[in-house]
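Listing of start_17.cif, mmCIF, C-alpha atoms and all ligand atoms
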```
data_input
#
loop_
_atom_site.label_atom_id
_atom_site.label_comp_id
_atom_site.auth_asym_id
_atom_site.auth_seq_id
_atom_site.Cartn_x
_atom_site.Cartn_y
_atom_site.Cartn_z
CA MET A 1 0.00 0.00 0.00
CA ARG A 2 1.35 3.43 -0.88
CA LEU A 3 1.61 5.83 2.04
CA SER A 4 -0.63 8.41 0.41
CA GLU A 5 -3.39 5.79 0.27
CA ARG A 6 -3.23 5.09 3.96
CA THR A 7 -6.24 6.20 5.92
CA PRO A 8 -6.90 6.03 9.66
CA SER A 9 -9.76 3.92 10.94
CA GLN A 10 -13.11 5.68 10.71
CA GLN A 11 -13.78 5.28 14.44
CA LEU A 12 -10.46 6.93 15.35
CA LEU A 13 -11.22 9.86 13.05
CA GLU A 14 -14.73 10.36 14.44
CA GLU A 15 -13.55 10.31 18.06
CA LEU A 16 -10.69 12.70 17.33
CA ILE A 17 -13.08 15.14 15.66
CA GLU A 18 -15.23 15.07 18.80
CA TRP A 19 -12.17 16.01 20.93
CA LEU A 20 -11.12 18.72 18.48
CA ARG A 21 -14.55 20.37 18.75
CA ILE A 22 -13.80 21.29 22.36
CA PRO A 23 -11.98 24.69 22.25
CA SER A 24 -9.48 23.88 25.00
CA ILE A 25 -7.39 27.04 24.61
CA SER A 26 -4.77 27.57 27.30
CA SER A 27 -2.69 30.35 25.76
CA GLY A 28 -5.11 33.13 26.70
CA GLY A 29 -8.75 33.87 25.98
CA GLY A 30 -10.01 30.31 26.51
CA ASP A 31 -12.87 29.23 28.77
CA PRO A 32 -11.55 27.19 31.74
CA ALA A 33 -14.70 25.03 31.52
CA ASP A 34 -13.63 23.89 28.03
CA LEU A 35 -10.23 22.83 29.33
CA VAL A 36 -11.93 20.73 32.01
CA ARG A 37 -14.28 19.30 29.36
CA ALA A 38 -11.36 18.28 27.11
CA ALA A 39 -9.62 16.63 30.07
CA GLU A 40 -12.79 14.78 31.12
CA TRP A 41 -13.35 13.63 27.56
CA ALA A 42 -9.94 11.92 27.53
CA ALA A 43 -10.39 10.41 30.99
CA ALA A 44 -13.77 8.98 29.91
CA LYS A 45 -12.10 7.22 26.95
CA VAL A 46 -9.80 5.36 29.35
CA ILE A 47 -12.63 4.45 31.74
CA ASP A 48 -14.92 3.27 28.89
CA ALA A 49 -12.14 0.94 27.77
CA GLY A 50 -12.03 -0.68 31.21
CA GLY A 51 -9.15 1.35 32.62
CA SER A 52 -8.95 3.79 35.48
CA ALA A 53 -8.48 7.54 35.07
CA GLU A 54 -8.91 10.75 36.96
CA VAL A 55 -8.83 14.43 36.20
CA ILE A 56 -6.64 16.03 38.82
CA GLU A 57 -6.30 19.69 39.57
CA GLY A 58 -3.21 21.39 38.16
CA GLU A 59 -1.52 24.71 38.79
CA ILE A 60 -3.63 26.27 36.01
CA ASN A 61 -5.43 23.49 34.12
CA PRO A 62 -6.18 19.88 35.07
CA LEU A 63 -4.07 16.84 34.29
CA VAL A 64 -5.47 13.53 33.08
CA VAL A 65 -3.84 10.57 34.77
CA GLY A 66 -4.93 7.03 34.05
CA GLU A 67 -4.01 3.45 33.36
CA LEU A 68 -5.01 0.57 31.10
CA ARG A 69 -3.84 -2.84 32.26
CA ALA A 70 -2.17 -5.36 29.98
CA ASP A 71 -3.64 -8.78 29.31
CA ARG A 72 -0.79 -10.44 31.23
CA ALA A 73 0.48 -9.76 34.74
CA ASP A 74 4.22 -9.37 34.09
CA ALA A 75 3.96 -6.98 31.14
CA PRO A 76 6.19 -3.90 30.99
CA THR A 77 4.64 -0.49 31.59
CA VAL A 78 4.74 2.41 29.16
CA MET A 79 3.52 5.92 29.83
CA ILE A 80 1.94 7.85 26.97
CA TYR A 81 2.17 11.63 27.12
CA GLY A 82 0.36 14.31 25.15
CA HIS A 83 -1.38 17.64 25.70
CA TYR A 84 -5.07 18.43 25.23
CA ASP A 85 -4.61 22.20 25.38
CA VAL A 86 -4.25 24.27 22.22
CA GLN A 87 -3.13 27.74 21.22
CA SER A 88 -5.67 30.48 20.61
CA ALA A 89 -7.10 30.46 17.05
CA GLU A 90 -7.04 34.26 16.57
CA PRO A 91 -7.32 35.90 14.08
CA LEU A 92 -10.37 33.84 13.14
CA ASP A 93 -10.92 35.48 9.75
CA LEU A 94 -7.73 33.88 8.42
CA TRP A 95 -9.25 30.38 8.74
CA THR A 96 -10.85 28.76 5.69
CA SER A 97 -13.19 26.75 7.96
CA PRO A 98 -13.89 27.54 11.65
CA PRO A 99 -11.00 26.31 13.87
CA PHE A 100 -13.21 24.25 16.17
CA GLU A 101 -15.39 22.73 13.44
CA PRO A 102 -12.91 20.23 11.99
CA GLU A 103 -13.19 19.75 8.23
CA ILE A 104 -11.51 17.33 5.82
CA ARG A 105 -10.26 18.90 2.61
CA GLY A 106 -8.15 16.76 0.29
CA ASP A 107 -6.02 14.46 2.43
CA ARG A 108 -5.92 16.80 5.42
CA LEU A 109 -8.03 17.37 8.50
CA TYR A 110 -8.23 21.09 9.31
CA GLY A 111 -8.79 22.60 12.76
CA ARG A 112 -6.98 23.90 15.83
CA GLY A 113 -5.18 21.06 17.58
CA THR A 114 -5.29 18.68 14.58
CA SER A 115 -1.48 18.52 14.57
CA ASP A 116 -0.48 20.09 17.91
CA ASP A 117 -1.20 17.95 19.74
CA LYS A 118 -4.61 16.24 19.86
CA GLY A 119 -4.28 14.68 16.39
CA ASN A 120 -0.64 13.73 16.79
CA PHE A 121 -1.20 12.17 20.24
CA PHE A 122 -4.67 10.62 19.92
CA PRO A 123 -3.62 7.45 18.00
CA LEU A 124 -1.60 6.38 21.08
CA LEU A 125 -4.67 6.69 23.31
CA TYR A 126 -7.15 5.30 20.80
CA VAL A 127 -5.11 2.17 20.02
CA ALA A 128 -4.40 1.48 23.71
CA CYS A 129 -8.13 1.78 24.49
CA SER A 130 -9.26 -0.47 21.64
CA LEU A 131 -6.66 -3.14 22.48
CA ALA A 132 -7.65 -3.00 26.17
CA ARG A 133 -11.32 -3.39 25.26
CA ASP A 134 -10.48 -6.53 23.25
CA LYS A 135 -8.29 -7.80 26.14
CA LYS A 136 -5.31 -7.73 23.79
CA LEU A 137 -3.20 -4.94 25.24
CA PRO A 138 0.39 -6.31 25.34
CA VAL A 139 1.78 -3.67 27.75
CA ASN A 140 0.41 -1.72 30.69
CA VAL A 141 -0.31 1.77 29.44
CA ARG A 142 -0.20 4.67 31.87
CA VAL A 143 -1.84 7.81 30.49
CA LEU A 144 -0.60 11.32 31.20
CA ILE A 145 -2.25 14.19 29.33
CA GLU A 146 -1.63 17.76 30.34
CA GLY A 147 -3.39 21.05 29.68
CA GLU A 148 -0.61 23.55 30.28
CA GLU A 149 1.80 22.82 27.43
CA GLU A 150 0.84 26.01 25.60
CA SER A 151 0.85 28.09 28.80
CA ALA A 152 3.29 28.69 31.62
CA GLY A 153 2.17 25.90 33.97
CA ASP A 154 4.50 23.35 35.49
CA SER A 155 1.93 20.85 36.78
CA VAL A 156 3.05 17.91 34.68
CA ASN A 157 6.65 18.17 35.89
CA ALA A 158 5.52 18.55 39.50
CA TRP A 159 3.29 15.50 39.10
CA LEU A 160 6.06 13.44 37.52
CA ALA A 161 8.51 14.44 40.26
CA GLN A 162 6.21 12.95 42.94
CA ASP A 163 5.05 9.93 40.93
CA THR A 164 6.40 6.61 42.20
CA GLY A 165 4.56 4.30 39.79
CA LYS A 166 6.66 1.87 37.78
CA THR A 167 7.33 3.12 34.24
CA ASP A 168 9.70 1.34 31.85
CA CYS A 169 9.54 3.93 29.09
CA ALA A 170 7.53 6.92 27.95
CA ILE A 171 6.05 7.59 24.52
CA VAL A 172 5.60 11.23 23.52
CA PHE A 173 3.87 12.00 20.23
CA ASP A 174 4.25 15.78 19.97
CA SER A 175 6.97 15.97 17.36
CA ASP A 176 7.63 15.94 13.60
CA MET A 177 8.63 13.48 10.92
CA LEU A 178 11.79 14.40 9.03
CA ASP A 179 9.73 14.60 5.84
CA GLU A 180 6.48 13.07 4.52
CA ARG A 181 7.99 9.61 4.33
CA THR A 182 10.78 9.53 6.89
CA PRO A 183 10.03 8.95 10.58
CA ALA A 184 12.16 10.67 13.20
CA LEU A 185 13.10 9.93 16.77
CA THR A 186 14.04 12.96 18.85
CA LEU A 187 16.85 12.06 21.23
CA GLY A 188 17.62 15.39 22.80
CA VAL A 189 16.39 18.86 23.60
CA ARG A 190 18.28 21.89 24.82
CA GLY A 191 17.50 23.72 28.02
CA ILE A 192 17.16 27.47 28.49
CA VAL A 193 17.85 30.19 31.04
CA MET A 194 16.14 33.51 30.24
CA MET A 195 17.35 36.72 31.87
CA ASP A 196 15.97 40.23 32.16
CA VAL A 197 18.66 42.92 32.34
CA GLN A 198 17.70 46.40 33.56
CA VAL A 199 20.07 49.37 33.61
CA ARG A 200 19.67 52.84 35.16
CA THR A 201 22.36 55.49 34.95
CA ALA A 202 20.53 58.74 35.89
CA LYS A 203 17.18 59.97 37.22
CA THR A 204 16.20 61.12 33.74
CA ASP A 205 17.57 61.36 30.18
CA LEU A 206 20.05 64.26 29.91
CA HIS A 207 21.24 66.40 26.96
CA SER A 208 24.29 64.97 25.17
CA GLY A 209 25.56 68.44 24.25
CA MET A 210 25.71 69.45 27.89
CA TYR A 211 26.73 66.18 29.53
CA GLY A 212 27.88 63.78 26.79
CA GLY A 213 31.40 62.58 27.49
CA SER A 214 30.94 63.13 31.23
CA ILE A 215 28.10 60.88 32.30
CA LEU A 216 27.22 57.21 31.94
CA ASN A 217 25.00 56.35 28.97
CA ALA A 218 22.58 53.50 29.80
CA ALA A 219 22.62 52.28 26.17
CA HIS A 220 26.42 51.98 26.26
CA VAL A 221 26.29 50.22 29.60
CA LEU A 222 23.80 47.68 28.24
CA MET A 223 25.88 47.18 25.08
CA ASN A 224 28.94 46.39 27.17
CA ILE A 225 26.98 44.02 29.40
CA LEU A 226 25.61 42.09 26.41
CA ALA A 227 29.04 42.07 24.73
CA GLN A 228 30.25 39.84 27.58
CA VAL A 229 27.96 36.98 26.53
CA VAL A 230 27.22 37.23 22.79
CA PRO A 231 29.14 34.84 20.51
CA GLY A 232 32.64 35.66 19.28
CA LYS A 233 33.91 35.72 15.67
CA ASP A 234 33.82 31.92 15.48
CA GLY A 235 30.14 32.08 16.38
CA LEU A 236 30.68 30.22 19.65
CA VAL A 237 29.91 31.49 23.12
CA ARG A 238 32.63 31.71 25.74
CA ASP A 239 33.92 28.52 27.33
CA GLU A 240 32.37 29.28 30.74
CA LEU A 241 28.92 28.98 29.14
CA ARG A 242 29.76 25.78 27.24
CA GLN A 243 31.14 23.81 30.16
CA GLY A 244 29.47 20.52 30.99
CA ALA A 245 28.09 19.93 27.50
CA THR A 246 28.31 16.24 26.58
CA PRO A 247 29.44 15.49 23.03
CA PRO A 248 26.95 13.56 20.87
CA THR A 249 27.48 9.81 20.47
CA PRO A 250 29.27 8.56 17.31
CA GLU A 251 25.96 6.92 16.33
CA GLU A 252 24.23 10.30 16.35
CA ILE A 253 27.01 12.11 14.50
CA GLU A 254 26.76 9.47 11.79
CA ALA A 255 22.97 9.86 11.68
CA TRP A 256 23.21 13.66 11.41
CA ALA A 257 25.40 13.33 8.32
CA GLU A 258 22.36 11.84 6.56
CA LEU A 259 20.21 14.91 7.27
CA PRO A 260 19.79 17.82 4.84
CA PRO A 261 23.01 19.92 4.81
CA GLY A 262 23.01 22.63 7.47
CA ASP A 263 23.81 25.36 4.93
CA ALA A 264 20.63 24.45 3.08
CA VAL A 265 18.63 24.52 6.32
CA LEU A 266 19.85 28.06 7.03
CA SER A 267 19.38 29.39 3.50
CA GLU A 268 15.85 27.95 3.33
CA VAL A 269 14.77 30.31 6.12
CA GLY A 270 16.94 33.13 4.83
CA GLY A 271 19.26 33.26 7.85
CA LYS A 272 22.87 34.37 7.35
CA PRO A 273 25.51 32.08 8.88
CA LEU A 274 27.01 33.41 12.10
CA ALA A 275 30.50 32.21 11.13
CA PRO A 276 31.89 30.55 7.97
CA SER A 277 31.60 27.07 9.50
CA SER A 278 28.27 27.48 11.25
CA GLY A 279 26.20 26.10 8.37
CA ASP A 280 28.40 23.02 8.16
CA GLU A 281 28.24 22.58 11.90
CA TYR A 282 24.53 23.36 12.13
CA TYR A 283 23.44 20.12 13.81
CA SER A 284 26.27 19.95 16.35
CA ARG A 285 25.81 23.64 17.19
CA ASN A 286 22.03 23.62 17.39
CA TRP A 287 21.63 20.25 19.09
CA ALA A 288 24.74 19.76 21.21
CA ASP A 289 26.22 23.16 22.07
CA ALA A 290 25.21 26.19 24.09
CA SER A 291 24.16 29.42 22.36
CA VAL A 292 23.26 32.92 23.50
CA ASP A 293 20.73 35.26 21.91
CA VAL A 294 19.57 38.76 22.75
CA HIS A 295 15.82 38.81 22.12
CA GLY A 296 15.04 42.47 22.58
CA ILE A 297 16.49 45.79 23.62
CA GLU A 298 14.72 48.91 24.76
CA THR A 299 16.59 52.17 25.27
CA GLY A 300 16.52 55.80 24.17
CA ASP A 301 14.57 56.75 21.06
CA ALA A 302 15.64 55.54 17.62
CA ARG A 303 12.57 56.86 15.80
CA GLN A 304 13.61 60.51 15.69
CA ILE A 305 16.69 62.69 16.13
CA ARG A 306 16.85 63.51 19.80
CA THR A 307 20.25 64.33 21.26
CA MET A 308 19.64 62.81 24.65
CA VAL A 309 21.76 60.48 26.77
CA PRO A 310 19.45 57.57 27.69
CA SER A 311 19.15 56.98 31.44
CA THR A 312 17.53 53.53 31.21
CA ALA A 313 18.03 50.43 29.11
CA ARG A 314 16.57 46.95 29.22
CA ALA A 315 17.22 43.66 27.43
CA LYS A 316 15.98 40.09 27.37
CA VAL A 317 18.76 37.61 26.77
CA SER A 318 18.85 33.83 27.00
CA VAL A 319 21.34 31.02 26.94
CA ARG A 320 20.28 27.69 25.42
CA LEU A 321 21.84 24.84 27.38
CA ALA A 322 23.36 21.82 25.69
CA PRO A 323 22.51 18.34 26.98
CA GLY A 324 24.86 17.65 29.87
CA GLN A 325 24.61 21.19 31.24
CA THR A 326 22.25 22.10 34.09
CA CYS A 327 20.35 25.26 34.97
CA ALA A 328 21.88 25.12 38.45
CA SER A 329 25.43 25.30 37.13
CA ILE A 330 24.97 27.72 34.23
CA THR A 331 22.54 30.26 35.76
CA PRO A 332 25.04 31.77 38.26
CA VAL A 333 27.80 31.84 35.62
CA PHE A 334 25.56 33.61 33.11
CA LYS A 335 24.33 36.10 35.73
CA HIS A 336 27.86 36.82 36.91
CA LEU A 337 29.15 37.46 33.36
CA LEU A 338 26.31 39.90 32.71
CA GLU A 339 26.79 41.72 36.01
CA ALA A 340 30.55 41.92 35.52
CA GLY A 341 30.00 43.93 32.32
CA ALA A 342 28.54 46.87 34.26
CA PRO A 343 30.74 49.86 35.10
CA GLU A 344 30.91 51.41 38.53
CA GLY A 345 28.00 53.75 39.18
CA ALA A 346 25.44 52.09 36.94
CA GLU A 347 22.48 50.44 38.65
CA VAL A 348 22.14 47.05 37.02
CA GLU A 349 19.63 44.37 37.88
CA VAL A 350 19.91 40.93 36.30
CA SER A 351 17.02 38.59 37.11
CA MET A 352 16.07 35.16 35.86
CA LEU A 353 12.68 35.04 34.10
CA SER A 354 12.39 31.34 33.33
CA SER A 355 14.40 28.20 32.88
CA GLY A 356 14.14 24.64 31.59
CA GLU A 357 16.59 21.76 31.78
CA PRO A 358 18.10 20.07 28.72
CA ALA A 359 17.67 16.33 28.21
CA VAL A 360 19.23 13.63 26.10
CA PHE A 361 18.49 9.93 25.60
CA ASP A 362 20.90 7.25 24.43
CA PRO A 363 19.93 5.74 21.05
CA ALA A 364 21.41 2.44 22.27
CA ASN A 365 18.73 2.21 24.98
CA PRO A 366 16.61 -0.91 24.27
CA ALA A 367 13.29 1.00 24.27
CA LEU A 368 14.61 3.56 21.79
CA LYS A 369 16.06 0.84 19.56
CA ILE A 370 12.69 -0.92 19.52
CA ALA A 371 10.99 2.37 18.68
CA ALA A 372 13.35 3.16 15.79
CA GLU A 373 12.66 -0.30 14.33
CA ALA A 374 8.91 0.05 14.83
CA PHE A 375 8.80 3.39 13.00
CA GLU A 376 10.95 2.00 10.17
CA LYS A 377 8.57 -0.96 9.78
CA VAL A 378 5.54 1.33 9.63
CA CYS A 379 6.99 3.98 7.31
CA GLY A 380 9.22 1.77 5.18
CA ARG A 381 12.24 3.99 5.71
CA PRO A 382 14.99 4.07 8.34
CA THR A 383 14.20 6.30 11.31
CA ALA A 384 16.17 9.56 11.40
CA LEU A 385 17.85 10.25 14.75
CA THR A 386 17.35 13.93 15.52
CA ARG A 387 17.28 16.38 18.37
CA VAL A 388 15.64 19.76 18.74
CA GLY A 389 17.40 22.98 19.62
CA GLY A 390 14.41 24.22 21.63
CA SER A 391 13.19 23.21 25.07
CA LEU A 392 10.59 20.64 26.18
CA PRO A 393 10.60 20.59 30.00
CA VAL A 394 8.60 17.36 30.31
CA LEU A 395 11.49 15.47 28.70
CA ALA A 396 13.86 16.70 31.36
CA ALA A 397 11.44 15.27 33.93
CA PHE A 398 11.58 11.85 32.24
CA ALA A 399 15.37 12.02 31.88
CA ASP A 400 15.64 12.98 35.53
CA LYS A 401 13.77 9.82 36.53
CA GLN A 402 15.84 7.76 34.09
CA ILE A 403 12.77 6.86 32.10
CA PRO A 404 13.76 6.54 28.42
CA ALA A 405 11.39 8.63 26.31
CA ILE A 406 10.39 7.76 22.76
CA ILE A 407 9.84 11.25 21.38
CA SER A 408 8.29 11.15 17.96
CA GLY A 409 5.08 11.79 16.09
CA PHE A 410 3.86 12.33 12.57
CA ALA A 411 3.50 16.10 12.35
CA LEU A 412 5.14 17.96 9.47
CA ALA A 413 6.63 21.44 9.25
CA GLY A 414 3.83 22.36 6.82
CA ASP A 415 1.01 21.59 9.29
CA GLY A 416 0.85 25.24 10.32
CA ILE A 417 0.71 24.63 14.07
CA HIS A 418 -0.19 27.68 16.18
CA GLY A 419 -1.34 29.48 12.97
CA PRO A 420 -4.53 29.72 10.90
CA ASP A 421 -5.65 26.62 8.95
CA GLU A 422 -3.67 24.24 11.15
CA SER A 423 -4.04 20.78 9.68
CA PHE A 424 -2.85 17.18 9.95
CA ARG A 425 -2.50 14.77 7.06
CA LEU A 426 -4.87 11.79 7.17
CA PRO A 427 -1.90 9.56 6.20
CA SER A 428 -0.06 10.96 9.26
CA LEU A 429 -3.00 9.94 11.41
CA ALA A 430 -2.90 6.47 9.83
CA LEU A 431 0.86 6.25 10.45
CA GLY A 432 0.28 7.24 14.09
CA GLU A 433 -2.31 4.49 14.43
CA ALA A 434 -0.05 1.86 12.82
CA ALA A 435 2.95 3.02 14.86
CA ALA A 436 0.97 2.77 18.12
CA HIS A 437 0.04 -0.86 17.33
CA GLU A 438 3.62 -1.67 16.37
CA LEU A 439 5.11 0.02 19.46
CA TYR A 440 2.80 -1.67 21.97
CA ALA A 441 3.45 -5.09 20.38
CA ARG A 442 7.23 -4.68 20.31
CA LEU A 443 7.58 -3.00 23.70
CA ALA A 444 5.97 -6.08 25.28
CA GLU A 445 9.41 -7.69 24.79
CA LEU A 446 11.13 -4.96 26.82
ZN ZN B 501 2.62 20.46 21.26
#
```

Now, as a test, write the supplied structure out as structure tokens.
Amino acid sequence: MRLSERTPSQQLLEELIEWLRIPSISSGGGDPADLVRAAEWAAAKVIDAGGSAEVIEGEINPLVVGELRADRADAPTVMIYGHYDVQSAEPLDLWTSPPFEPEIRGDRLYGRGTSDDKGNFFPLLYVACSLARDKKLPVNVRVLIEGEEESAGDSVNAWLAQDTGKTDCAIVFDSDMLDERTPALTLGVRGIVMMDVQVRTAKTDLHSGMYGGSILNAAHVLMNILAQVVPGKDGLVRDELRQGATPPTPEEIEAWAELPPGDAVLSEVGGKPLAPSSGDEYYSRNWADASVDVHGIETGDARQIRTMVPSTARAKVSVRLAPGQTCASITPVFKHLLEAGAPEGAEVEVSMLSSGEPAVFDPANPALKIAAEAFEKVCGRPTALTRVGGSLPVLAAFADKQIPAIISGFALAGDGIHGPDESFRLPSLALGEAAAHELYARLAEL
């Protein structure tokens, strides 16, 4: 069967559409009752299939926690993770069909949450429930679905930290394929420490003709502070900020060589390389090294000619942490470097806004090996071993508990997540369904 001809089972599609109709928006503007409804909907699926589930109160939105028992007593236990919350669908007039009235056009299902993450995740839940109902579930499946992934909540990590239940591996479907035909397994994510830097050098802005050359300029102070941490000519950040990073395994380096060339990745988005070698080294830099970026600066007035000496300046700057580094070790170093760039007399306040730990999983881990084989069987192509340069705090929680996490999914870059006309390919849904069957069967041997 050709992949494009694959279709998900009708029942799966109908149930997913029901879930998608609930506007469980957590990123602002949503109705809290809808978030509860989406959580209860998922818990009911587990209970209807003969499992146990509860909706427990979270910091902001509830968590769904449940379990479906295997058909044999000594079966391994997997935990499936996904999120039922979605981003706001504004502006609504950019949607071809209403975001919470899912519609199939061509080989895609359109609607908010179709790809991120209800549609990507649901096959894991659906297949576990249908196998449990038929008394054919080969592994115990613990269910963990959160409602704060698109907001600032930390409930899922807090819950995982206190959980003592046995879990042999986790399966997270909230990620992309490499391309329409090639499955991918995400082995690592970077962490992040975000800082707010505020500078004050006088009570008020003063005239540069009268005082320039004699008083501190807040813009200059901020420039010098940021100069301490931005990358050098080679595009790398200073050694103090790179310490602790673990080099990727030879297996991964080999796998990365098969990926599209880094120069092409950069030119596709129109970004200019930071240093001559940074395109070539794209994967090792983005996935296994630290990086620093200034996200915004506010000072003075650049819109008109005003000859004032700015008295205040502010910046947001972050360091992305490579796997192997920790927030606890890098945060004080980063803060100290920033503070050390301030001259005497300037009032400088450096405060941490948010942080998330990096995580990495070994491709030689038995669960991950099984997963790579399962995805290859389903897609007919070897599984690409990738990482992401961004952060996914829940993975750090799994890594912390030494639970190997199979991070994958069948989303594609073209699904338009978080934007208007978000969609998910029906063949992706079918691949998710086939992959869930394959994973549960193979993980029974774990
Ligand atoms: Zn997501």

With all atoms listed in the file counted, which protein, DNA or RNA residues have an atom no more than 8 Å from (12.3, 4.0, 27.6) in the file frame? Please answer as an mmCIF file with C-alpha atoms, keeping the file's coordinate frame.
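Contents of selection_34.cif, as written:
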```
data_model
loop_
_atom_site.group_PDB
_atom_site.id
_atom_site.type_symbol
_atom_site.label_atom_id
_atom_site.label_comp_id
_atom_site.auth_asym_id
_atom_site.auth_seq_id
_atom_site.Cartn_x
_atom_site.Cartn_y
_atom_site.Cartn_z
ATOM 1 C CA VAL A 78 4.740 2.410 29.160
ATOM 2 C CA ASP A 168 9.700 1.340 31.850
ATOM 3 C CA CYS A 169 9.540 3.930 29.090
ATOM 4 C CA ALA A 170 7.530 6.920 27.950
ATOM 5 C CA ILE A 171 6.050 7.590 24.520
ATOM 6 C CA ASN A 365 18.730 2.210 24.980
ATOM 7 C CA PRO A 366 16.610 -0.910 24.270
ATOM 8 C CA ALA A 367 13.290 1.000 24.270
ATOM 9 C CA LEU A 368 14.610 3.560 21.790
ATOM 10 C CA ILE A 403 12.770 6.860 32.100
ATOM 11 C CA PRO A 404 13.760 6.540 28.420
ATOM 12 C CA ALA A 405 11.390 8.630 26.310
ATOM 13 C CA ILE A 406 10.390 7.760 22.760
#
```

I'd like the contact shell of A:Leu20 - 10 Å cut-off, all atoms listed in the file, skipping same-chain residues fewer than 6 positions apart - returned as a PyMOL selection string.
chain A and resi 14+38+84+86+99-102+110-114+118-119

Atom-to-atom span, atom CA of A:Leu353 and atom CA of A:Ser27, Å
18.1 Å

How would you write, as an MDAnalysis selection string, the set of residues no farther than 8 Å from ligand ZN 501 (chain B) when counting all atoms listed in the file?
chainID A and resid 82:83 86 116:117 149:150 174:175

Rounded to one decimal place, report the atom CA of A:Thr204-atom CA of A:Ala302 distance in Å.
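Calculated distance between atom CA of A:Thr204 and atom CA of A:Ala302 is 17.1 Å.
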
Calculate how many Å separate atom CA of A:Leu137 from atom CA of A:Ala75, rounding to one decimal.
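The value is 9.5 Å.
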